[in-house]
file query33.cif (mmCIF, C-alpha atoms and all ligand atoms)
data_data
#
loop_
_atom_site.label_atom_id
_atom_site.label_comp_id
_atom_site.auth_asym_id
_atom_site.auth_seq_id
_atom_site.Cartn_x
_atom_site.Cartn_y
_atom_site.Cartn_z
CA MET A 1 -11.51 -23.84 -85.64
CA GLU A 2 -11.86 -21.78 -88.78
CA GLU A 3 -8.56 -20.43 -90.13
CA ILE A 4 -8.27 -16.63 -89.84
CA LYS A 5 -4.71 -16.09 -91.06
CA ILE A 6 -4.24 -14.25 -94.36
CA CYS A 7 -1.34 -13.98 -96.75
CA PRO A 8 0.74 -10.88 -95.96
CA LYS A 9 1.42 -10.40 -99.71
CA CYS A 10 -2.00 -10.73 -101.38
CA LYS A 11 -4.36 -10.85 -98.32
CA GLU A 12 -5.99 -14.10 -99.49
CA LYS A 13 -6.90 -16.72 -96.89
CA LEU A 14 -4.05 -18.99 -95.79
CA ILE A 15 -4.74 -22.71 -95.63
CA LYS A 16 -2.60 -25.10 -93.58
CA ASN A 17 -1.18 -27.85 -95.69
CA GLY A 18 1.06 -30.24 -93.73
CA LYS A 19 4.08 -28.28 -92.58
CA SER A 20 3.27 -25.03 -94.37
CA TYR A 21 0.58 -22.44 -95.04
CA SER A 22 -0.29 -21.29 -98.54
CA CYS A 23 -2.83 -19.06 -100.26
CA LYS A 24 -4.63 -19.51 -103.58
CA ASN A 25 -1.88 -17.50 -105.31
CA ASN A 26 0.68 -20.08 -104.17
CA HIS A 27 2.50 -17.85 -101.70
CA THR A 28 3.86 -20.41 -99.24
CA TYR A 29 5.13 -20.01 -95.66
CA ASP A 30 6.83 -22.87 -93.82
CA ILE A 31 5.94 -23.78 -90.26
CA SER A 32 9.11 -23.92 -88.15
CA LYS A 33 10.20 -26.97 -86.15
CA SER A 34 8.93 -25.36 -82.95
CA GLY A 35 5.58 -24.54 -84.62
CA TYR A 36 5.58 -20.82 -85.44
CA VAL A 37 5.07 -19.29 -88.89
CA ASN A 38 7.01 -16.32 -90.19
CA LEU A 39 4.66 -13.95 -92.07
CA LEU A 40 6.93 -10.91 -91.93
CA LEU A 41 7.79 -9.64 -95.39
CA ASP A 42 11.28 -8.30 -96.11
CA ASN A 43 9.86 -4.89 -97.09
CA GLN A 44 8.27 -4.59 -93.61
CA LYS A 45 11.63 -4.88 -91.88
CA HIS A 46 13.30 -1.65 -90.85
CA SER A 47 16.44 -3.65 -89.92
CA LYS A 48 17.79 -7.16 -90.53
CA ASN A 49 16.40 -8.47 -87.24
CA PRO A 50 13.62 -6.09 -86.18
CA GLY A 51 12.13 -5.97 -82.67
CA ASP A 52 13.73 -7.09 -79.44
CA ASP A 53 17.09 -8.83 -79.77
CA LYS A 54 18.11 -12.11 -78.17
CA ASP A 55 19.63 -10.45 -75.06
CA MET A 56 16.45 -8.51 -74.35
CA VAL A 57 14.28 -11.57 -74.92
CA ILE A 58 16.38 -13.71 -72.55
CA SER A 59 16.49 -10.95 -69.90
CA ARG A 60 12.70 -10.60 -70.04
CA LYS A 61 12.19 -14.37 -69.89
CA ASN A 62 14.52 -14.72 -66.87
CA PHE A 63 12.90 -11.84 -64.99
CA LEU A 64 9.28 -12.72 -65.73
CA GLU A 65 9.76 -16.38 -64.80
CA LYS A 66 10.58 -15.27 -61.23
CA GLY A 67 6.96 -14.13 -60.87
CA TYR A 68 7.45 -10.48 -59.85
CA TYR A 69 4.96 -9.37 -62.53
CA GLN A 70 2.36 -12.07 -61.84
CA GLY A 71 0.11 -9.38 -60.38
CA ILE A 72 -0.04 -7.61 -63.76
CA SER A 73 -0.91 -10.85 -65.54
CA LYS A 74 -3.63 -11.64 -63.00
CA LYS A 75 -5.25 -8.21 -63.34
CA VAL A 76 -5.20 -8.36 -67.17
CA ASN A 77 -6.71 -11.86 -67.16
CA GLU A 78 -9.43 -10.82 -64.72
CA THR A 79 -10.16 -7.74 -66.83
CA ILE A 80 -10.72 -9.91 -69.92
CA MET A 81 -12.88 -12.33 -67.90
CA SER A 82 -15.05 -9.44 -66.66
CA LEU A 83 -15.72 -8.33 -70.26
CA LEU A 84 -16.70 -11.76 -71.62
CA THR A 85 -20.18 -12.12 -73.03
CA LYS A 86 -19.73 -15.55 -74.64
CA ASN A 87 -17.88 -18.79 -74.13
CA ASN A 88 -15.82 -19.00 -77.32
CA ILE A 89 -13.29 -16.27 -78.07
CA ASN A 90 -10.44 -15.33 -80.40
CA ILE A 91 -7.68 -13.24 -78.79
CA LEU A 92 -4.58 -11.65 -80.27
CA ASP A 93 -1.63 -10.64 -78.10
CA ILE A 94 0.22 -8.14 -80.26
CA GLY A 95 3.88 -7.51 -79.44
CA CYS A 96 3.68 -10.63 -77.26
CA GLY A 97 7.44 -10.94 -76.76
CA GLU A 98 8.41 -14.34 -75.38
CA GLY A 99 4.81 -15.00 -74.43
CA TYR A 100 4.75 -14.83 -70.62
CA TYR A 101 1.41 -13.03 -70.42
CA THR A 102 0.01 -14.87 -73.47
CA GLU A 103 0.63 -18.25 -71.92
CA ARG A 104 -0.79 -17.29 -68.54
CA LEU A 105 -3.95 -15.96 -70.25
CA LYS A 106 -4.35 -19.24 -72.15
CA LYS A 107 -4.08 -21.22 -68.90
CA PHE A 108 -6.42 -18.86 -67.03
CA LEU A 109 -9.21 -19.13 -69.65
CA SER A 110 -8.81 -22.86 -70.21
CA GLU A 111 -9.03 -23.55 -66.46
CA ARG A 112 -12.32 -21.64 -66.46
CA LYS A 113 -13.63 -23.71 -69.42
CA ILE A 114 -13.70 -20.70 -71.77
CA GLU A 115 -13.10 -22.01 -75.29
CA ASN A 116 -10.33 -19.87 -76.70
CA ARG A 117 -7.98 -19.43 -79.60
CA ILE A 118 -4.98 -17.30 -78.71
CA ILE A 119 -2.58 -15.88 -81.27
CA GLY A 120 0.72 -14.27 -80.28
CA ILE A 121 2.37 -11.95 -82.80
CA ASP A 122 5.72 -10.23 -82.53
CA ILE A 123 8.07 -8.69 -85.06
CA SER A 124 11.04 -10.28 -83.24
CA LYS A 125 11.89 -13.75 -84.52
CA GLU A 126 13.99 -14.37 -81.41
CA ALA A 127 11.00 -13.65 -79.16
CA ILE A 128 8.61 -15.88 -81.12
CA LEU A 129 11.16 -18.69 -81.22
CA VAL A 130 11.35 -18.72 -77.40
CA ALA A 131 7.54 -18.40 -77.10
CA SER A 132 6.85 -21.25 -79.51
CA LYS A 133 9.06 -23.65 -77.58
CA LYS A 134 7.12 -22.89 -74.41
CA ASN A 135 3.53 -23.49 -75.50
CA LYS A 136 2.19 -25.39 -78.49
CA ASP A 137 -1.48 -24.56 -77.88
CA ILE A 138 -0.98 -20.91 -78.87
CA GLU A 139 -0.57 -19.87 -82.52
CA TRP A 140 2.74 -17.97 -82.75
CA ILE A 141 3.42 -15.70 -85.72
CA VAL A 142 6.33 -13.44 -86.65
CA ALA A 143 4.65 -10.40 -88.20
CA SER A 144 4.37 -6.66 -87.93
CA ALA A 145 1.65 -4.81 -86.03
CA SER A 146 1.39 -2.55 -89.08
CA ASN A 147 0.37 -5.45 -91.36
CA LEU A 148 -1.48 -8.01 -89.26
CA PRO A 149 -1.85 -11.26 -91.23
CA LEU A 150 -5.39 -11.80 -89.90
CA GLU A 151 -8.83 -11.45 -91.48
CA ASP A 152 -11.03 -8.39 -90.99
CA GLU A 153 -13.34 -8.60 -87.95
CA SER A 154 -11.92 -11.92 -86.78
CA LEU A 155 -10.97 -11.11 -83.16
CA ASP A 156 -12.95 -10.63 -79.94
CA PHE A 157 -10.02 -9.17 -77.99
CA ILE A 158 -6.65 -7.62 -78.79
CA ILE A 159 -4.19 -7.12 -75.96
CA CYS A 160 -1.13 -4.94 -76.39
CA MET A 161 1.21 -4.97 -73.40
CA PHE A 162 4.10 -2.54 -73.26
CA ALA A 163 4.26 -2.58 -77.06
CA LYS A 164 3.76 -0.22 -79.99
CA ILE A 165 0.25 1.05 -80.66
CA ILE A 166 -0.84 1.03 -84.28
CA PRO A 167 -4.61 1.71 -84.15
CA GLU A 168 -5.83 1.13 -87.72
CA GLU A 169 -4.85 -2.54 -88.04
CA LYS A 170 -6.29 -3.32 -84.62
CA MET A 171 -9.56 -1.65 -85.65
CA ARG A 172 -9.68 -3.70 -88.87
CA CYS A 173 -9.12 -7.07 -87.17
CA LEU A 174 -11.47 -6.60 -84.22
CA LYS A 175 -15.08 -7.73 -84.48
CA LYS A 176 -17.68 -5.04 -83.92
CA GLY A 177 -18.08 -4.79 -80.14
CA GLY A 178 -14.63 -6.35 -79.65
CA TYR A 179 -12.22 -4.99 -77.02
CA LEU A 180 -8.74 -3.54 -77.26
CA ILE A 181 -6.77 -3.66 -74.02
CA ILE A 182 -3.63 -1.56 -73.77
CA VAL A 183 -1.26 -2.10 -70.86
CA SER A 184 1.35 0.59 -70.25
CA THR A 185 3.60 1.79 -67.46
CA GLY A 186 2.20 4.24 -64.90
CA GLU A 187 3.78 7.25 -63.25
CA ASN A 188 5.52 5.37 -60.43
CA HIS A 189 6.54 2.24 -62.30
CA LEU A 190 10.06 1.14 -61.24
CA VAL A 191 10.67 4.51 -59.61
CA GLU A 192 13.16 2.98 -57.13
CA MET A 193 15.24 1.55 -59.98
CA LYS A 194 15.29 4.93 -61.73
CA GLU A 195 16.34 6.62 -58.47
CA VAL A 196 19.43 4.40 -58.31
CA VAL A 197 20.39 4.94 -61.96
CA TYR A 198 19.56 8.65 -62.47
CA GLU A 199 20.35 11.75 -60.42
CA ASN A 200 17.07 13.40 -61.28
CA VAL A 201 14.06 11.19 -61.86
CA LYS A 202 11.35 12.56 -64.09
CA LYS A 203 7.95 11.11 -63.30
CA ASP A 204 5.92 10.88 -66.45
CA PHE A 205 3.82 8.31 -68.23
CA TYR A 206 2.15 7.76 -71.57
CA SER A 207 -1.62 7.50 -71.83
CA PRO A 208 -2.82 5.88 -75.09
CA ILE A 209 -6.26 7.51 -74.93
CA GLY A 210 -5.35 10.42 -77.23
CA ASP A 211 -3.91 8.09 -79.87
CA LEU A 212 -6.90 5.77 -79.93
CA LYS A 213 -9.73 8.16 -80.74
CA ILE A 214 -11.10 5.79 -83.41
CA PHE A 215 -12.17 3.48 -80.55
CA GLU A 216 -14.71 4.05 -77.81
CA TYR A 217 -12.80 4.56 -74.56
CA ILE A 218 -14.33 2.49 -71.75
CA GLU A 219 -12.16 2.84 -68.63
CA THR A 220 -8.68 2.68 -67.10
CA LYS A 221 -7.82 0.20 -64.38
CA ASN A 222 -4.64 0.65 -62.35
CA CYS A 223 -2.51 -2.18 -61.00
CA LYS A 224 -0.09 -1.05 -58.32
CA TYR A 225 1.95 -2.96 -55.75
CA LYS A 226 5.44 -3.20 -54.25
CA THR A 227 7.64 -6.24 -54.51
CA TYR A 228 11.13 -7.18 -53.32
CA ILE A 229 13.63 -8.40 -55.89
CA LYS A 230 15.92 -10.70 -53.99
CA GLU A 231 18.55 -11.67 -56.55
CA ASN A 232 21.22 -9.52 -58.17
CA GLU A 233 20.67 -11.44 -61.44
CA SER A 234 16.99 -10.44 -61.52
CA ILE A 235 17.85 -6.77 -60.94
CA LYS A 236 20.15 -6.95 -63.98
CA SER A 237 17.53 -8.79 -66.06
CA LEU A 238 14.87 -6.25 -65.14
CA PHE A 239 17.07 -3.35 -66.20
CA ASN A 240 18.12 -5.11 -69.42
CA MET A 241 14.55 -5.75 -70.50
CA THR A 242 13.66 -2.05 -70.33
CA PRO A 243 14.55 0.73 -72.80
CA TYR A 244 16.67 2.31 -70.01
CA ARG A 245 19.44 -0.09 -71.01
CA TRP A 246 20.05 2.07 -74.10
CA ARG A 247 20.12 5.48 -72.46
CA SER A 248 21.47 5.34 -68.89
CA PRO A 249 24.70 6.70 -67.40
CA LYS A 250 27.42 4.08 -66.91
CA GLU A 251 27.93 4.97 -63.21
CA GLY A 252 24.21 4.59 -62.52
CA ILE A 253 24.12 1.17 -64.17
CA GLU A 254 27.16 0.02 -62.17
CA LYS A 255 25.51 1.17 -58.94
CA LEU A 256 22.33 -0.72 -59.80
CA PHE A 257 24.19 -3.87 -60.83
CA SER A 258 26.04 -3.96 -57.49
CA LEU A 259 22.78 -4.28 -55.51
CA LYS A 260 21.79 -7.61 -53.98
CA GLU A 261 18.16 -6.64 -53.46
CA LEU A 262 15.80 -3.88 -54.47
CA GLU A 263 12.24 -3.02 -53.60
CA ILE A 264 10.31 -1.91 -56.67
CA THR A 265 6.95 -0.34 -57.30
CA VAL A 266 4.91 -1.97 -60.04
CA ASP A 267 2.48 0.60 -61.43
CA VAL A 268 0.71 -0.12 -64.70
CA ASN A 269 -2.42 1.15 -66.37
CA ILE A 270 -4.85 -1.11 -68.18
CA ASP A 271 -6.84 0.97 -70.67
CA ILE A 272 -9.95 -0.61 -72.15
CA PHE A 273 -11.34 0.42 -75.56
CA LYS A 274 -14.22 -0.94 -77.65
CA LYS A 275 -14.83 -1.09 -81.40
C1 LIG B 1 8.53 -4.23 -74.27
S1 LIG B 1 8.32 -5.66 -75.24
C2 LIG B 1 6.85 -6.35 -74.50
C3 LIG B 1 6.69 -7.82 -74.72
C4 LIG B 1 5.47 -8.46 -74.02
N1 LIG B 1 4.23 -7.86 -74.44
C5 LIG B 1 5.64 -8.35 -72.52
O1 LIG B 1 5.05 -7.42 -71.94
O2 LIG B 1 6.35 -9.17 -71.92
C6 LIG B 1 7.75 -5.01 -76.79
C7 LIG B 1 7.63 -6.06 -77.88
O3 LIG B 1 7.07 -5.44 -79.05
C8 LIG B 1 7.72 -5.99 -80.18
N2 LIG B 1 7.53 -5.06 -81.32
C9 LIG B 1 8.16 -3.88 -81.56
N3 LIG B 1 7.70 -3.33 -82.71
C10 LIG B 1 6.77 -4.18 -83.21
C11 LIG B 1 5.95 -4.18 -84.37
N4 LIG B 1 5.98 -3.18 -85.26
N5 LIG B 1 5.10 -5.22 -84.58
C12 LIG B 1 5.05 -6.25 -83.68
N6 LIG B 1 5.81 -6.32 -82.56
C13 LIG B 1 6.65 -5.29 -82.32
C14 LIG B 1 9.16 -6.19 -79.72
O4 LIG B 1 9.87 -7.11 -80.50
C15 LIG B 1 8.96 -6.66 -78.28
O5 LIG B 1 8.91 -8.05 -78.19
#

call {"tool": "encode", "arguments": {"input": "query33.cif", "output": "structure tokens"}}
result
Amino acid sequence: MEEIKICPKCKEKLIKNGKSYSCKNNHTYDISKSGYVNLLLDNQKHSKNPGDDKDMVISRKNFLEKGYYQGISKKVNETIMSLLTKNNINILDIGCGEGYYTERLKKFLSERKIENRIIGIDISKEAILVASKKNKDIEWIVASASNLPLEDESLDFIICMFAKIIPEEKMRCLKKGGYLIIVSTGENHLVEMKEVVYENVKKDFYSPIGDLKIFEYIETKNCKYKTYIKENESIKSLFNMTPYRWRSPKEGIEKLFSLKELEITVDVNIDIFKK
């Protein structure tokens, strides 16, 4: 497969050379023991360890492994399948976290004999470390969505699930006719959890359509179902993987953490855009 990674410093093509990548200007990046490459430059970091921290990564891993969000993964995979026009595709999962959805997409396509290269990028080194230990057939990179270390027009699909939207870089890296798939939380997502933690629950949601005017908007698919969380540990992990962990009242959190089970509504929107 042709290499599509570029040097984050000078934008020249990166070539794999044993256990590192380097460009023609001799900028060199080592491949870690678990197989990922760190292409995040110091001047792109807004903190020492940007992105999700270890606790959040572990909480997300523990929760997702229980399978409660399998329905989201299935719908995203089927959406990509329905848009395929050829049998050989390059996909980037941007803000991939610890790679739950990335890995399931890889398996889904491979089982259907679709030749695929999948790249997972996240700004969190902790997240990519966990991801890279899980699956060696995906190319894992620590990098920022605002400086994607990938060639212009090199991707057929970009998926961005519950992560920051930075349109220009996605536009640059997508091939003409390529698809951008944004997955974000809907109006009723986790409403039962919010009702336990907060006295007044505001129902709102973000639609990316207004921020992605440089793309052609195709359609929005909704994925909605209810599921029962049966372990106290999973309720805690779910809460700790969301931004609510930073801004919730102590009493509400204690109430939630005392529950042994909780029915939740999963409600996500899958917005499809085209270059
Ligand atoms: C809510 S998590 C979602 C992870 C994964 N997509 C999932 O749904 O399981 C958001 C992820 O975006 C990453 N992130 C935040 N800012 C980023 C940036 N500027 N570039 C790349 N990744 C970023 C975080 O480190 C985190 O892993």

call {"tool": "atom_distance", "arguments": {"input": "query33.cif", "atom1": "CA of Leu190 (chain A)", "atom2": "CA of Val266 (chain A)"}}
result
6.1 Å

call {"tool": "closest_atom_pairs", "arguments": {"input": "query33.cif", "of": "chain A", "to": "ligand LIG 1 (chain B)", "cutoff": "10 Å", "atoms": "all atoms listed in the file", "output": "CSV"}}
result
residue,atom,partner,partner_atom,distance
A:Leu40,CA,B:LIG1,N5,9.5
A:Gln44,CA,B:LIG1,N4,8.8
A:Lys45,CA,B:LIG1,N4,8.9
A:His46,CA,B:LIG1,N4,9.3
A:Asn49,CA,B:LIG1,O4,9.5
A:Pro50,CA,B:LIG1,O4,6.9
A:Gly51,CA,B:LIG1,O4,3.3
A:Asp52,CA,B:LIG1,O4,4.0
A:Asp53,CA,B:LIG1,O4,7.5
A:Lys54,CA,B:LIG1,O4,9.9
A:Met56,CA,B:LIG1,O5,8.5
A:Val57,CA,B:LIG1,O5,7.2
A:Arg60,CA,B:LIG1,O2,6.8
A:Lys61,CA,B:LIG1,O2,8.1
A:Phe63,CA,B:LIG1,O2,9.9
A:Leu64,CA,B:LIG1,O2,7.7
A:Tyr69,CA,B:LIG1,O2,9.5
A:Ile72,CA,B:LIG1,O1,9.6
A:Ser73,CA,B:LIG1,O1,9.4
A:Asp93,CA,B:LIG1,N1,7.4
A:Ile94,CA,B:LIG1,C12,6.2
A:Gly95,CA,B:LIG1,O3,3.8
A:Cys96,CA,B:LIG1,N1,4.0
A:Gly97,CA,B:LIG1,O5,3.5
A:Glu98,CA,B:LIG1,O2,6.6
A:Gly99,CA,B:LIG1,O2,6.5
A:Tyr100,CA,B:LIG1,O2,6.0
A:Tyr101,CA,B:LIG1,O2,6.4
A:Thr102,CA,B:LIG1,N1,8.2
A:Gly120,CA,B:LIG1,N1,9.4
A:Ile121,CA,B:LIG1,C12,6.4
A:Asp122,CA,B:LIG1,N6,3.9
A:Ile123,CA,B:LIG1,N6,4.1
A:Ser124,CA,B:LIG1,O4,4.4
A:Lys125,CA,B:LIG1,O4,8.0
A:Glu126,CA,B:LIG1,O4,8.4
A:Ala127,CA,B:LIG1,O5,6.1
A:Ile128,CA,B:LIG1,O5,8.4
A:Ile141,CA,B:LIG1,C12,9.8
A:Val142,CA,B:LIG1,C12,7.9
A:Ala143,CA,B:LIG1,C12,6.1
A:Ser144,CA,B:LIG1,N5,3.7
A:Ala145,CA,B:LIG1,N5,3.8
A:Ser146,CA,B:LIG1,N4,6.0
A:Asn147,CA,B:LIG1,N5,8.3
A:Leu148,CA,B:LIG1,N5,8.5
A:Ile159,CA,B:LIG1,N1,8.6
A:Cys160,CA,B:LIG1,N1,6.4
A:Met161,CA,B:LIG1,N1,4.3
A:Phe162,CA,B:LIG1,C1,4.8
A:Ala163,CA,B:LIG1,C6,4.3
A:Lys164,CA,B:LIG1,N3,5.7
A:Ile165,CA,B:LIG1,N4,8.5
A:Ile166,CA,B:LIG1,N4,8.1
A:Val183,CA,B:LIG1,O1,8.3
A:Ser184,CA,B:LIG1,O1,9.0
A:Met241,CA,B:LIG1,C1,7.3
A:Thr242,CA,B:LIG1,C1,6.8
A:Pro243,CA,B:LIG1,C1,7.9

call {"tool": "residues_near_point", "arguments": {"input": "query33.cif", "point": "(-13.8, -8.7, -80.8)", "cutoff": "12 Å", "atoms": "only C-alpha atoms", "output": "ChimeraX atom specification"}}
result
/A:80,83-86,88-92,152-159,170-181,273-275

call {"tool": "closest_residue", "arguments": {"input": "query33.cif", "among": "A:Ile4, A:Val37, A:Leu109, A:Leu256", "to": "Glu192 (chain A)", "atoms": "all atoms listed in the file"}}
result
A:Leu256

call {"tool": "closest_residue", "arguments": {"input": "query33.cif", "among": "A:Asn26, A:Leu14, A:Ile119, A:Arg104", "to": "Gly71 (chain A)", "atoms": "all atoms listed in the file"}}
result
A:Arg104

call {"tool": "atom_distance", "arguments": {"input": "query33.cif", "atom1": "CA of His189 (chain A)", "atom2": "CA of Ser82 (chain A)"}}
result
24.9 Å

call {"tool": "residues_around", "arguments": {"input": "query33.cif", "residues": "Met81 (chain A)", "least_positions_apart": "4", "cutoff": "10 Å", "atoms": "all atoms listed in the file", "output": "list in words"}}
result
Lys75, Val76, Asn77, Thr85, Leu105, Phe108, Leu109, Arg112 and Ile114 of chain A

call {"tool": "residues_around", "arguments": {"input": "query33.cif", "residues": "Phe205 (chain A)", "least_positions_apart": "2", "cutoff": "8 Å", "atoms": "all atoms listed in the file", "output": "count of residues only"}}
result
5

call {"tool": "atom_distance", "arguments": {"input": "query33.cif", "atom1": "CA of Asp211 (chain A)", "atom2": "CA of Ile272 (chain A)"}}
result
13.1 Å

call {"tool": "closest_residue", "arguments": {"input": "query33.cif", "among": "A:Ser22, A:Asn17, A:Asn116, A:Asn269", "to": "Met1 (chain A)", "atoms": "only C-alpha atoms"}}
result
A:Asn116

call {"tool": "closest_residue", "arguments": {"input": "query33.cif", "among": "A:Lys134, A:Lys226, A:Lys236, A:Lys48", "to": "Phe257 (chain A)", "atoms": "all atoms listed in the file"}}
result
A:Lys236

call {"tool": "closest_residue", "arguments": {"input": "query33.cif", "among": "A:Pro149, A:Gly210, A:Gly35, A:Gly67", "to": "Cys23 (chain A)", "atoms": "all atoms listed in the file"}}
result
A:Pro149

call {"tool": "closest_residue", "arguments": {"input": "query33.cif", "among": "A:Lys107, A:Lys5, A:Lys66, A:Lys221", "to": "Thr79 (chain A)", "atoms": "only C-alpha atoms"}}
result
A:Lys221
